[in-house]
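The structure appears below as structure tokens.
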Amino acid sequence: MSGNAWARPDERGSHEVQLAELGLKYEYFERLISEGEEARAGATEDDAKNAAGTFDYFARVRTLRYLLRTEAQWKGYDPKQSPLTVNPDKTMAIGVLLGDARTGLPGNPQPRSHRPAGVAKESLVARNQDLDPGLFPLPQQGEPEAELTEDEYARLATWYLLTYRYTARKQGFIEVRSELSLPSRVGPQGKIDSWDRRILLPAIRFKKTFDYPEGDTGFDVPVEEW
């Protein structure tokens, strides 16, 4: 497993600077992507075809929650089976989501979510449209459990770690491109296709020996959200 391939700063500054403004560290996202990739290794040729993607998804959600809970006092929050992690001020939430091949690349067209957003995500994106896409308050220490009132839920800005996983079998590696982005619109096909803010993160490559077909390279979790 190797490290970062490149960084892509934009007009707001490097990804480290932009994440720090939100009270976050790049290491959180690097680790959860790595943990997800390692979880995939637990799938065998006798498992269901979607096992690797499901293991990956669960590992990413778990690792994100663990790191933000233990290092920044964030809390888990699950509105309508959409697993999020919420900061102590209850102003910002983060989830994980698959994107298309434009994920992690600058400019237009912007990436789209790989699958339709689902009712819960559509509701969260609609709330984002009424919020300032700039900075949000940094987390404060010692806040209570993430139980949001209707007003707090309405003010919640929901970001997603959007990822795209590319398999290069001949070259023997997997590359994951990613970005932490704030969605602003669900398009006519039910996919998120517009973003108010995009923090592009370094691509990560993993050395890989392909012993058997992996099937679907994305998440495939049988809940309403996907």
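The chains in the structure tokens are called A, B, ... from first to last as shown; in each chain the residues are counted from 1, and the ligands are counted from 1 in the order shown.
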
Worksheet entry | Shell of 9 Å around Val61 in chain A, only C-alpha atoms, local chain residues under 3 positions omitted, as a PyMOL selection string | chain A and resi 32+36+56-58+64-66+83-85+95-96

Each residue of range 174-206 of chain A lying at most 7 Å from range 154-161 of chain A should get a row with its shortest atom-to-atom pair and the distance in Å to one decimal, counting only C-alpha atoms; could you produce that, ordered by chain and increasing number, as a Markdown table?
```
| residue | atom | partner | partner_atom | distance |
| --- | --- | --- | --- | --- |
| A:Ser178 | CA | A:Leu161 | CA | 6.8 |
| A:Glu179 | CA | A:Leu161 | CA | 5.7 |
| A:Leu180 | CA | A:Leu161 | CA | 4.5 |
| A:Ser181 | CA | A:Trp159 | CA | 5.5 |
| A:Leu182 | CA | A:Trp159 | CA | 4.5 |
| A:Pro183 | CA | A:Trp159 | CA | 6.7 |
```

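Of note, CA of Met92 in chain A and CA of Glu27 in chain A are spaced 18.7 Å apart.
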
Item to complete: Give me the residues within 9 Å of Arg165 in chain A as a list in words, counting only C-alpha atoms and dropping any in the same chain fewer than 5 places off.
Response: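 The neighbour list is Leu98, Gly99, Asp100, Ala101, Ile174, Glu175, Val176, Arg177, Ser178, Thr217 and Gly218 of chain A.
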
Discussion item. Ranking A:Glu71, A:Asp78, A:Ala51, A:Ala59 by minimum distance to Leu24 in chain A and counting only C-alpha atoms, which one comes first?
Written reply: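 Answer, going by the shortest atom-to-atom distance: A:Glu71.
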
Worksheet item: What does the distance from CA of Gly104 in chain A to CA of Ser184 in chain A come to in Å, to one decimal?
Response: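 About the pair CA of Gly104 in chain A and CA of Ser184 in chain A: they are 17.1 Å apart.
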
Item to complete: Could you please determine the separation between CA of Ile33 in chain A and CA of Gly187 in chain A in Å, to one decimal place?
Response: 26.8 Å

Worksheet item: Smallest atom-to-atom distance to Ser82 in chain A: which of A:Val186, A:Arg69, A:Ile199, A:Leu97, using only C-alpha atoms?
Response: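 Under the stated criterion, the closest residue is A:Leu97.
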
Item to complete: Enumerate the residues of range 32-133 of chain A with a DSSP assignment of helix (DSSP H, G or I), computed from the backbone, and present them as a PyMOL selection string.
Response: chain A and resi 32-40+51-72+79-81+118-128

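Considering only C-alpha atoms, the residue among A:Gly53, A:Pro109, A:Gly172, A:Pro88 positioned nearest to Lys208 in chain A is A:Gly172.
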
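You can rank A:Leu67, A:Lys170, A:Arg62, A:Gly42 by their closest distance to Tyr26 in chain A using only C-alpha atoms, and at the top of that list sits A:Leu67.
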
Tell me, as a PDB file with N, CA and C atoms, in the first residue's frame, which residues lie within 9 Å of Glu16 in chain A, counting only C-alpha atoms; anything in the same chain fewer than 4 positions away does not count.
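This went into out_38.pdb:
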```
ATOM      1  N   PRO A   9      -4.376  21.774  -4.657  1.00  0.00           N
ATOM      2  CA  PRO A   9      -4.909  22.971  -4.011  1.00  0.00           C
ATOM      3  C   PRO A   9      -5.814  23.733  -4.965  1.00  0.00           C
ATOM      4  N   ALA A  20      -8.625  22.009   7.837  1.00  0.00           N
ATOM      5  CA  ALA A  20      -8.375  22.604   9.151  1.00  0.00           C
ATOM      6  C   ALA A  20      -9.416  23.670   9.473  1.00  0.00           C
ATOM      7  N   GLU A  21      -9.876  24.408   8.453  1.00  0.00           N
ATOM      8  CA  GLU A  21     -10.904  25.427   8.666  1.00  0.00           C
ATOM      9  C   GLU A  21     -12.215  24.810   9.157  1.00  0.00           C
ATOM     10  N   LEU A  24     -10.958  19.607  10.788  1.00  0.00           N
ATOM     11  CA  LEU A  24     -10.685  18.244  10.347  1.00  0.00           C
ATOM     12  C   LEU A  24      -9.230  18.078   9.920  1.00  0.00           C
ATOM     13  N   LYS A  25      -8.802  16.825   9.792  1.00  0.00           N
ATOM     14  CA  LYS A  25      -7.459  16.495   9.324  1.00  0.00           C
ATOM     15  C   LYS A  25      -7.552  15.530   8.149  1.00  0.00           C
ATOM     16  N   TYR A  26      -6.641  15.671   7.194  1.00  0.00           N
ATOM     17  CA  TYR A  26      -6.623  14.757   6.051  1.00  0.00           C
ATOM     18  C   TYR A  26      -6.393  13.315   6.500  1.00  0.00           C
ATOM     19  N   LEU A 201      -8.988  15.858  -2.469  1.00  0.00           N
ATOM     20  CA  LEU A 201      -7.984  15.186  -1.655  1.00  0.00           C
ATOM     21  C   LEU A 201      -7.004  14.416  -2.538  1.00  0.00           C
TER      22      LEU A 201
END
```

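The residue that comes closest to Ser113 in chain A, out of A:Leu22, A:Val17, A:Leu162, A:Leu200 and on the basis of only C-alpha atoms, is A:Leu162.
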